[in-house]
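Structure file upload_31.tsv (TSV, C-alpha atoms) is printed below.
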chain	number	residue	atom	x	y	z
A	7	MET	CA	13.40	-40.83	-13.70
A	8	GLU	CA	12.20	-37.73	-11.90
A	9	ILE	CA	11.39	-36.00	-15.20
A	10	ALA	CA	9.56	-39.10	-16.41
A	11	ALA	CA	7.51	-39.20	-13.19
A	12	LYS	CA	6.54	-35.55	-13.58
A	13	LEU	CA	5.59	-36.09	-17.21
A	14	GLY	CA	3.48	-39.06	-16.13
A	15	GLN	CA	1.69	-36.95	-13.53
A	16	LEU	CA	1.07	-34.26	-16.16
A	17	ALA	CA	-0.35	-36.82	-18.58
A	18	LEU	CA	-2.52	-38.29	-15.83
A	19	GLY	CA	-3.89	-34.85	-14.95
A	20	LEU	CA	-4.65	-34.01	-18.57
A	21	GLY	CA	-6.31	-37.38	-19.04
A	22	ALA	CA	-8.49	-36.90	-15.96
A	23	PHE	CA	-9.48	-33.42	-17.18
A	24	ALA	CA	-10.42	-34.81	-20.61
A	25	LEU	CA	-12.51	-37.55	-19.02
A	26	VAL	CA	-14.40	-35.06	-16.83
A	27	VAL	CA	-15.13	-32.79	-19.81
A	28	ALA	CA	-16.25	-35.77	-21.91
A	29	ALA	CA	-18.54	-37.01	-19.12
A	30	ILE	CA	-20.11	-33.54	-18.73
A	31	LEU	CA	-20.73	-33.21	-22.45
A	32	LEU	CA	-22.14	-36.72	-22.63
A	33	LEU	CA	-24.57	-36.06	-19.79
A	34	ALA	CA	-25.48	-32.63	-21.16
A	35	GLY	CA	-26.67	-34.24	-24.40
A	36	ARG	CA	-29.13	-36.43	-22.48
A	37	PHE	CA	-30.97	-33.57	-20.77
A	38	ASN	CA	-34.35	-32.62	-22.17
A	39	GLY	CA	-37.65	-31.34	-20.95
A	40	PRO	CA	-38.72	-28.14	-19.18
A	41	ALA	CA	-36.03	-28.43	-16.46
A	42	ALA	CA	-33.20	-29.13	-18.90
A	43	ASP	CA	-31.67	-25.65	-18.72
A	44	ARG	CA	-31.50	-25.71	-14.93
A	45	ARG	CA	-30.00	-29.21	-14.84
A	46	LEU	CA	-27.52	-28.23	-17.53
A	47	ALA	CA	-26.44	-25.19	-15.52
A	48	TRP	CA	-25.90	-27.28	-12.38
A	49	LEU	CA	-23.99	-29.86	-14.41
A	50	PHE	CA	-21.48	-27.30	-15.65
A	51	LEU	CA	-21.27	-25.65	-12.23
A	52	ALA	CA	-20.63	-28.93	-10.40
A	53	PRO	CA	-16.87	-29.20	-11.18
A	54	THR	CA	-16.31	-25.57	-10.16
A	55	VAL	CA	-18.28	-25.97	-6.93
A	56	LEU	CA	-16.38	-29.18	-6.15
A	57	GLY	CA	-13.06	-27.48	-6.88
A	58	LEU	CA	-13.92	-24.53	-4.62
A	59	ALA	CA	-15.01	-26.89	-1.85
A	60	VAL	CA	-11.76	-28.86	-2.03
A	61	ALA	CA	-9.34	-26.00	-2.70
A	62	VAL	CA	-10.95	-23.13	-0.73
A	63	VAL	CA	-13.67	-24.12	1.72
A	64	TYR	CA	-11.97	-27.16	3.24
A	65	PRO	CA	-8.55	-25.45	3.70
A	66	ALA	CA	-10.28	-22.44	5.28
A	67	LEU	CA	-12.21	-24.59	7.76
A	68	ARG	CA	-9.09	-26.65	8.46
A	69	THR	CA	-7.11	-23.48	9.19
A	70	VAL	CA	-9.74	-22.30	11.68
A	71	TYR	CA	-9.63	-25.73	13.32
A	72	GLU	CA	-5.82	-25.75	13.59
A	73	SER	CA	-5.82	-22.25	15.09
A	74	LEU	CA	-7.44	-23.75	18.19
A	75	PHE	CA	-4.44	-26.03	18.86
A	76	ASP	CA	-0.89	-25.53	20.13
A	77	ALA	CA	2.25	-25.08	18.04
A	78	HIS	CA	2.47	-28.76	17.10
A	79	GLY	CA	-1.28	-29.27	16.63
A	80	SER	CA	-1.47	-31.91	19.35
A	81	GLN	CA	-3.12	-30.11	22.26
A	82	PHE	CA	-6.37	-28.13	22.19
A	83	VAL	CA	-5.81	-24.59	23.53
A	84	GLY	CA	-9.07	-22.91	22.51
A	85	LEU	CA	-8.72	-19.19	21.91
A	86	ASP	CA	-5.28	-18.88	23.53
A	87	ASN	CA	-3.60	-18.21	20.19
A	88	TYR	CA	-6.04	-15.39	19.46
A	89	ALA	CA	-5.46	-13.95	22.92
A	90	SER	CA	-1.72	-14.10	22.28
A	91	VAL	CA	-2.06	-12.14	19.05
A	92	PHE	CA	-3.86	-9.29	20.81
A	93	SER	CA	-1.78	-9.31	24.00
A	94	SER	CA	1.78	-9.96	22.85
A	95	ALA	CA	3.81	-6.78	22.35
A	96	GLU	CA	5.46	-8.27	19.26
A	97	GLN	CA	2.14	-9.22	17.64
A	98	LEU	CA	0.59	-5.86	18.50
A	99	HIS	CA	3.53	-4.24	16.73
A	100	VAL	CA	2.77	-6.37	13.68
A	101	LEU	CA	-0.88	-5.25	13.77
A	102	ARG	CA	0.22	-1.64	14.07
A	103	ASN	CA	2.47	-1.96	11.03
A	104	THR	CA	-0.36	-3.57	9.07
A	105	ALA	CA	-2.65	-0.68	10.01
A	106	ILE	CA	-0.04	1.82	8.79
A	107	TRP	CA	0.17	0.00	5.46
A	108	VAL	CA	-3.61	-0.12	5.03
A	109	LEU	CA	-4.10	3.52	5.95
A	110	LEU	CA	-1.30	4.98	3.84
A	111	SER	CA	-0.93	2.81	0.73
A	112	PRO	CA	-4.48	2.98	-0.71
A	113	LEU	CA	-4.91	6.68	0.02
A	114	ALA	CA	-1.52	7.74	-1.31
A	115	ALA	CA	-1.57	5.48	-4.38
A	116	THR	CA	-5.10	6.58	-5.30
A	117	ALA	CA	-4.25	10.25	-4.77
A	118	VAL	CA	-1.13	10.03	-6.92
A	119	GLY	CA	-2.99	8.11	-9.62
A	120	LEU	CA	-5.89	10.59	-9.60
A	121	VAL	CA	-3.69	13.69	-9.80
A	122	TYR	CA	-1.63	12.16	-12.58
A	123	ALA	CA	-4.73	11.06	-14.53
A	124	VAL	CA	-6.18	14.57	-14.36
A	125	LEU	CA	-2.90	16.27	-15.34
A	126	VAL	CA	-2.18	14.13	-18.41
A	127	ASP	CA	-5.79	13.75	-19.56
A	128	ARG	CA	-6.12	14.65	-23.25
A	129	SER	CA	-2.54	15.95	-23.42
A	130	ARG	CA	-0.33	15.34	-26.46
A	131	PHE	CA	1.99	12.96	-24.60
A	132	GLU	CA	-0.81	11.20	-22.68
A	133	SER	CA	-0.04	7.66	-23.86
A	134	PHE	CA	3.69	7.93	-23.15
A	135	ALA	CA	3.16	9.54	-19.75
A	136	LYS	CA	0.65	6.88	-18.71
A	137	ALA	CA	2.95	4.10	-19.88
A	138	LEU	CA	5.72	5.39	-17.63
A	139	VAL	CA	3.51	5.35	-14.55
A	140	PHE	CA	1.89	2.03	-15.40
A	141	LEU	CA	5.24	0.33	-16.04
A	142	PRO	CA	5.80	-0.73	-12.38
A	143	MET	CA	2.56	-2.75	-12.57
A	144	ALA	CA	4.32	-5.01	-15.08
A	145	ILE	CA	7.03	-5.79	-12.52
A	146	SER	CA	6.52	-8.43	-9.86
A	147	PHE	CA	6.45	-7.34	-6.23
A	148	VAL	CA	9.75	-9.15	-5.69
A	149	GLY	CA	11.34	-7.41	-8.67
A	150	ALA	CA	10.12	-4.01	-7.51
A	151	SER	CA	11.41	-4.75	-4.00
A	152	ILE	CA	14.88	-5.56	-5.34
A	153	ILE	CA	14.90	-2.32	-7.33
A	154	TRP	CA	13.97	-0.27	-4.27
A	155	LYS	CA	16.39	-2.19	-2.06
A	156	PHE	CA	19.15	-0.82	-4.27
A	157	VAL	CA	17.61	2.66	-4.00
A	158	TYR	CA	17.89	2.43	-0.20
A	159	GLU	CA	21.28	0.63	-0.23
A	160	TYR	CA	23.82	1.80	2.36
A	161	ARG	CA	27.60	1.74	2.30
A	162	PRO	CA	29.81	2.82	5.25
A	163	ASP	CA	30.70	6.51	5.21
A	164	LEU	CA	34.45	5.98	4.72
A	165	PRO	CA	37.04	7.55	2.40
A	166	GLY	CA	37.08	5.84	-0.97
A	167	VAL	CA	33.74	4.12	-0.41
A	168	SER	CA	31.10	5.12	-2.96
A	169	GLN	CA	27.40	4.91	-2.31
A	170	ILE	CA	25.55	2.68	-4.77
A	171	GLY	CA	22.12	3.46	-3.31
A	172	LEU	CA	20.38	6.28	-5.18
A	173	LEU	CA	18.92	7.87	-2.05
A	174	ASN	CA	22.21	7.89	-0.16
A	175	GLN	CA	24.10	9.13	-3.23
A	176	ILE	CA	21.75	12.10	-3.47
A	177	LEU	CA	22.15	12.70	0.27
A	178	VAL	CA	25.95	12.63	0.00
A	179	ALA	CA	25.90	14.92	-3.05
A	180	LEU	CA	23.93	17.44	-0.98
A	181	GLY	CA	26.52	17.28	1.79
A	182	GLY	CA	24.69	14.90	4.10
A	183	THR	CA	25.65	11.62	5.74
A	184	PRO	CA	24.44	8.29	4.31
A	185	GLN	CA	21.77	6.52	6.36
A	186	GLN	CA	20.84	2.87	6.90
A	187	TRP	CA	17.28	3.50	5.80
A	188	LEU	CA	15.92	-0.02	6.19
A	189	ILE	CA	16.97	-0.60	9.81
A	190	ASN	CA	15.66	2.58	11.41
A	191	ALA	CA	12.09	2.15	12.70
A	192	PRO	CA	9.47	3.45	12.12
A	193	LEU	CA	10.91	5.21	9.05
A	194	ASN	CA	11.73	1.87	7.43
A	195	THR	CA	8.06	0.85	7.41
A	196	LEU	CA	7.13	4.10	5.67
A	197	LEU	CA	9.87	3.52	3.10
A	198	LEU	CA	8.48	0.05	2.38
A	199	VAL	CA	5.03	1.59	1.92
A	200	VAL	CA	6.55	3.84	-0.76
A	201	VAL	CA	7.29	0.73	-2.84
A	202	MET	CA	3.62	-0.32	-2.75
A	203	ILE	CA	2.54	3.20	-3.70
A	204	TRP	CA	5.00	3.20	-6.60
A	205	ILE	CA	3.54	-0.07	-7.88
A	206	GLN	CA	-0.15	0.65	-7.36
A	207	ALA	CA	-0.21	4.27	-8.57
A	208	GLY	CA	-0.22	2.98	-12.16
A	209	PHE	CA	-3.28	0.83	-11.50
A	210	ALA	CA	-5.10	3.74	-9.87
A	211	MET	CA	-4.14	6.09	-12.69
A	212	THR	CA	-5.35	3.71	-15.41
A	213	VAL	CA	-8.75	3.00	-13.85
A	214	LEU	CA	-9.41	6.59	-12.83
A	215	SER	CA	-8.31	7.92	-16.20
A	216	ALA	CA	-10.84	5.65	-17.89
A	217	ALA	CA	-13.54	6.91	-15.51
A	218	ILE	CA	-12.63	10.53	-16.25
A	219	LYS	CA	-12.95	9.92	-19.98
A	220	GLU	CA	-16.46	8.54	-19.39
A	221	ILE	CA	-17.65	11.92	-18.07
A	222	PRO	CA	-19.93	13.41	-20.77
A	223	VAL	CA	-18.29	16.28	-22.59
A	224	GLU	CA	-21.57	18.22	-22.44
A	225	ILE	CA	-21.38	18.39	-18.62
A	226	ILE	CA	-17.84	19.73	-18.72
A	227	GLU	CA	-18.66	22.28	-21.40
A	228	SER	CA	-21.74	23.45	-19.51
A	229	ALA	CA	-19.68	23.94	-16.36
A	230	GLN	CA	-17.05	25.88	-18.30
A	231	LEU	CA	-19.75	28.11	-19.79
A	232	ASP	CA	-20.87	28.85	-16.23
A	233	GLY	CA	-17.33	29.99	-15.45
A	234	VAL	CA	-16.20	26.85	-13.58
A	235	THR	CA	-12.57	26.08	-14.36
A	236	GLY	CA	-9.47	24.53	-12.82
A	237	ILE	CA	-9.85	23.30	-9.25
A	238	GLY	CA	-13.55	24.16	-9.23
A	239	LEU	CA	-14.15	21.95	-12.24
A	240	PHE	CA	-12.26	19.11	-10.59
A	241	ARG	CA	-14.05	19.49	-7.25
A	242	ASN	CA	-17.59	20.00	-8.54
A	243	ILE	CA	-17.66	17.91	-11.74
A	244	THR	CA	-14.79	15.41	-12.02
A	245	LEU	CA	-14.63	14.20	-8.42
A	246	PRO	CA	-18.38	13.56	-7.92
A	247	SER	CA	-18.61	11.84	-11.32
A	248	ILE	CA	-15.84	9.32	-10.57
A	249	ARG	CA	-16.57	8.80	-6.85
A	250	PRO	CA	-17.72	5.15	-7.33
A	251	THR	CA	-14.52	4.38	-9.22
A	252	ILE	CA	-12.40	5.97	-6.51
A	253	VAL	CA	-14.08	3.77	-3.91
A	254	VAL	CA	-13.41	0.65	-5.97
A	255	VAL	CA	-9.76	1.61	-6.49
A	256	LEU	CA	-9.28	2.35	-2.78
A	257	THR	CA	-10.79	-0.93	-1.66
A	258	THR	CA	-8.92	-2.97	-4.28
A	259	ILE	CA	-5.55	-1.51	-3.27
A	260	ALA	CA	-6.51	-2.01	0.39
A	261	ILE	CA	-7.06	-5.73	-0.28
A	262	TRP	CA	-3.65	-6.03	-1.94
A	263	THR	CA	-2.07	-4.10	0.91
A	264	LEU	CA	-3.59	-6.30	3.60
A	265	LYS	CA	-2.02	-9.32	1.89
A	266	VAL	CA	1.38	-7.67	1.34
A	267	PHE	CA	4.18	-10.15	1.85
A	268	ASP	CA	6.70	-9.99	-0.99
A	269	ILE	CA	7.92	-6.46	-0.30
A	270	VAL	CA	8.53	-7.01	3.41
A	271	ARG	CA	10.05	-10.45	2.91
A	272	THR	CA	12.42	-9.33	0.15
A	273	MET	CA	13.60	-6.03	1.61
A	274	THR	CA	13.84	-6.67	5.36
A	275	GLY	CA	12.63	-10.20	6.03
A	276	GLY	CA	10.31	-8.69	8.63
A	277	GLN	CA	13.25	-7.60	10.77
A	278	PHE	CA	13.80	-4.18	12.33
A	279	ASP	CA	10.13	-3.87	13.36
A	280	THR	CA	8.79	-4.04	9.80
A	281	SER	CA	6.78	-7.29	9.91
A	282	VAL	CA	3.11	-7.36	8.87
A	283	VAL	CA	0.40	-9.98	9.37
A	284	ALA	CA	1.07	-11.88	6.12
A	285	ASN	CA	4.81	-12.06	6.78
A	286	GLU	CA	4.27	-13.04	10.41
A	287	PHE	CA	1.95	-15.82	9.28
A	288	TYR	CA	4.71	-17.18	7.03
A	289	THR	CA	7.36	-16.84	9.74
A	290	SER	CA	5.26	-18.54	12.41
A	291	SER	CA	4.16	-21.40	10.17
A	292	PHE	CA	7.33	-22.21	8.25
A	293	ARG	CA	10.22	-20.68	10.19
A	294	SER	CA	9.17	-21.08	13.81
A	295	ASP	CA	7.10	-24.23	13.17
A	296	ASN	CA	4.25	-22.81	15.24
A	297	GLN	CA	1.25	-24.14	13.33
A	298	GLY	CA	-1.27	-22.88	15.86
A	299	LEU	CA	-0.13	-19.26	15.79
A	300	GLY	CA	0.41	-19.36	12.02
A	301	SER	CA	-3.14	-20.61	11.47
A	302	THR	CA	-4.46	-17.93	13.82
A	303	LEU	CA	-2.71	-15.20	11.84
A	304	ALA	CA	-4.07	-16.67	8.60
A	305	VAL	CA	-7.60	-16.57	10.02
A	306	LEU	CA	-7.03	-13.00	11.21
A	307	LEU	CA	-5.85	-11.99	7.74
A	308	PHE	CA	-8.95	-13.59	6.21
A	309	VAL	CA	-11.20	-11.75	8.68
A	310	LEU	CA	-9.50	-8.44	7.84
A	311	VAL	CA	-9.73	-8.93	4.08
A	312	LEU	CA	-13.28	-10.33	3.91
A	313	PRO	CA	-15.23	-7.12	4.81
A	314	VAL	CA	-13.23	-5.11	2.28
A	315	ILE	CA	-13.91	-7.71	-0.43
A	316	LEU	CA	-17.65	-7.75	0.33
A	317	TYR	CA	-17.78	-3.96	0.31
A	318	ASN	CA	-15.89	-3.89	-2.99
A	319	ILE	CA	-18.32	-6.38	-4.54
A	320	ARG	CA	-21.25	-4.29	-3.33
A	321	GLN	CA	-19.79	-1.15	-4.86
A	322	LEU	CA	-19.06	-2.91	-8.15
A	323	ARG	CA	-22.66	-4.13	-8.34
A	324	ARG	CA	-24.00	-0.68	-7.57
A	325	TRP	CA	-21.64	0.87	-10.09
A	326	GLY	CA	-22.64	-1.66	-12.73
A	327	ALA	CA	-26.29	-0.98	-12.04
As structure tokens - that is how I would like this structure written.
Amino acid sequence: MEIAAKLGQLALGLGAFALVVAAILLLAGRFNGPAADRRLAWLFLAPTVLGLAVAVVYPALRTVYESLFDAHGSQFVGLDNYASVFSSAEQLHVLRNTAIWVLLSPLAATAVGLVYAVLVDRSRFESFAKALVFLPMAISFVGASIIWKFVYEYRPDLPGVSQIGLLNQILVALGGTPQQWLINAPLNTLLLVVVMIWIQAGFAMTVLSAAIKEIPVEIIESAQLDGVTGIGLFRNITLPSIRPTIVVVLTTIAIWTLKVFDIVRTMTGGQFDTSVVANEFYTSSFRSDNQGLGSTLAVLLFVLVLPVILYNIRQLRRWGA
């Protein structure tokens, strides 16, 4: 019965979609005159605008509204939830962790991707080398987190107990003592950031490598004729030529980092002082049943992401121009 109900809902949705498309096409055929193109454009935009209003604008406004109420959404508390976020020691710690993520992940991932793109550019094994670095991008954040959780895995340092975590096995092989990497703050936050860098370095490398290949060969050859080689060529020719692309890569990774949830949730669950804004939003809303604080954190996350998105759009437009 449950399967039949789901199939019925699917058929209903497909039928509604077909009716909307048919109605649009029917109306489009009736437009004529000097204003036909404009009316036709608005006709095709109408479903998208309606969908955005229902699925994006209304939920956003509703979230802002609910952030002004208490945990159960029954009593108006004004800006108390916002004051709590910026005065509570626990929430301030969450904001600090988020700042660490945003400062380190984009810079490190972009730097690794840039160095790698420059080193393998036009080499014989370029395609294979790039595929290796880009491979983590094909893995979900949860899958990558599980992989790295095994890398950091800890077993008690007892006779007959073997370490299955790669990092601890290397440490033991070098004569050291295995560590519980994911429970020791603030090192555990930095180790989680490494996972994001590992994933995003492939994206940075791919985009920056394409930008490097767009540099005219004549410019490079002219610089080489003037005696500019090596680091000088990179600093004076390559870096200025791909600066817009670097900005876009940095801001894009920053947006993904601000919204990071999967890595923290999978590897530590936000425990041991590793929580970030996105994870705290989930915990407050669905674990602690504090709708007011959860909505406040969602609004805060939106406010943090929005300027970066607008700046990224501006850079993309300028780059395209």
Counting all atoms listed in the file, which residues in range 194-213 of chain A sit no more than 9 Å from range 152-171 of chain A? For each one, give the nearest pair of atoms and the distance in Å, sorted by chain then residue number, as a tab-separated table.
residue	atom	partner	partner_atom	distance
A:Leu197	CA	A:Tyr158	CA	8.7
A:Leu198	CA	A:Trp154	CA	8.6
A:Val201	CA	A:Trp154	CA	6.9
Emit the selected residues as a CSV table (one decimal), keeping the file's coordinate frame, including C-alpha atoms.
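Output below, filename part.csv:
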chain,number,residue,atom,x,y,z
A,197,LEU,CA,9.9,3.5,3.1
A,198,LEU,CA,8.5,0.0,2.4
A,201,VAL,CA,7.3,0.7,-2.8
Counting all atoms listed in the file, the option among A:Asn174, A:Ser129, A:Asn103, A:Ser111 closest to Thr263 in chain A | A:Ser111
Close residues, Leu33 in chain A itself excluded, 9 Å, only C-alpha atoms, min 5 positions apart in chain, as number ranges by chain = A: 28, 46, 49
Go ahead and find all residues with at least one atom no further than 9 Å from (4.3, -13.9, 7.9) in the file's coordinates, using only C-alpha atoms; report them as number ranges by chain.
-> A: 267, 271, 276, 281-292, 300, 303-304
Could you state the separation of CA of Ala191 in chain A and CA of Val255 in chain A in Å, given to one decimal place?
-> 29.1 Å
Please indicate the distance in Å from CA of Met202 in chain A to CA of Pro142 in chain A, rounded to one decimal place.
->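 One can read the CA of Met202 in chain A to CA of Pro142 in chain A distance as 9.9 Å.
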Non-local contacts of Trp262 in chain A (12 Å; only C-alpha atoms; under 6 positions in same chain excluded) as a ChimeraX atom specification = /A:104,107-108,111-112,115,147,202-203,205-206,209,255-256,268-269,284,307,310-311,314-315
Work out how far apart CA of Gln230 in chain A and CA of Val118 in chain A are and give it in Å to one decimal.
->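 The value is 25.2 Å.
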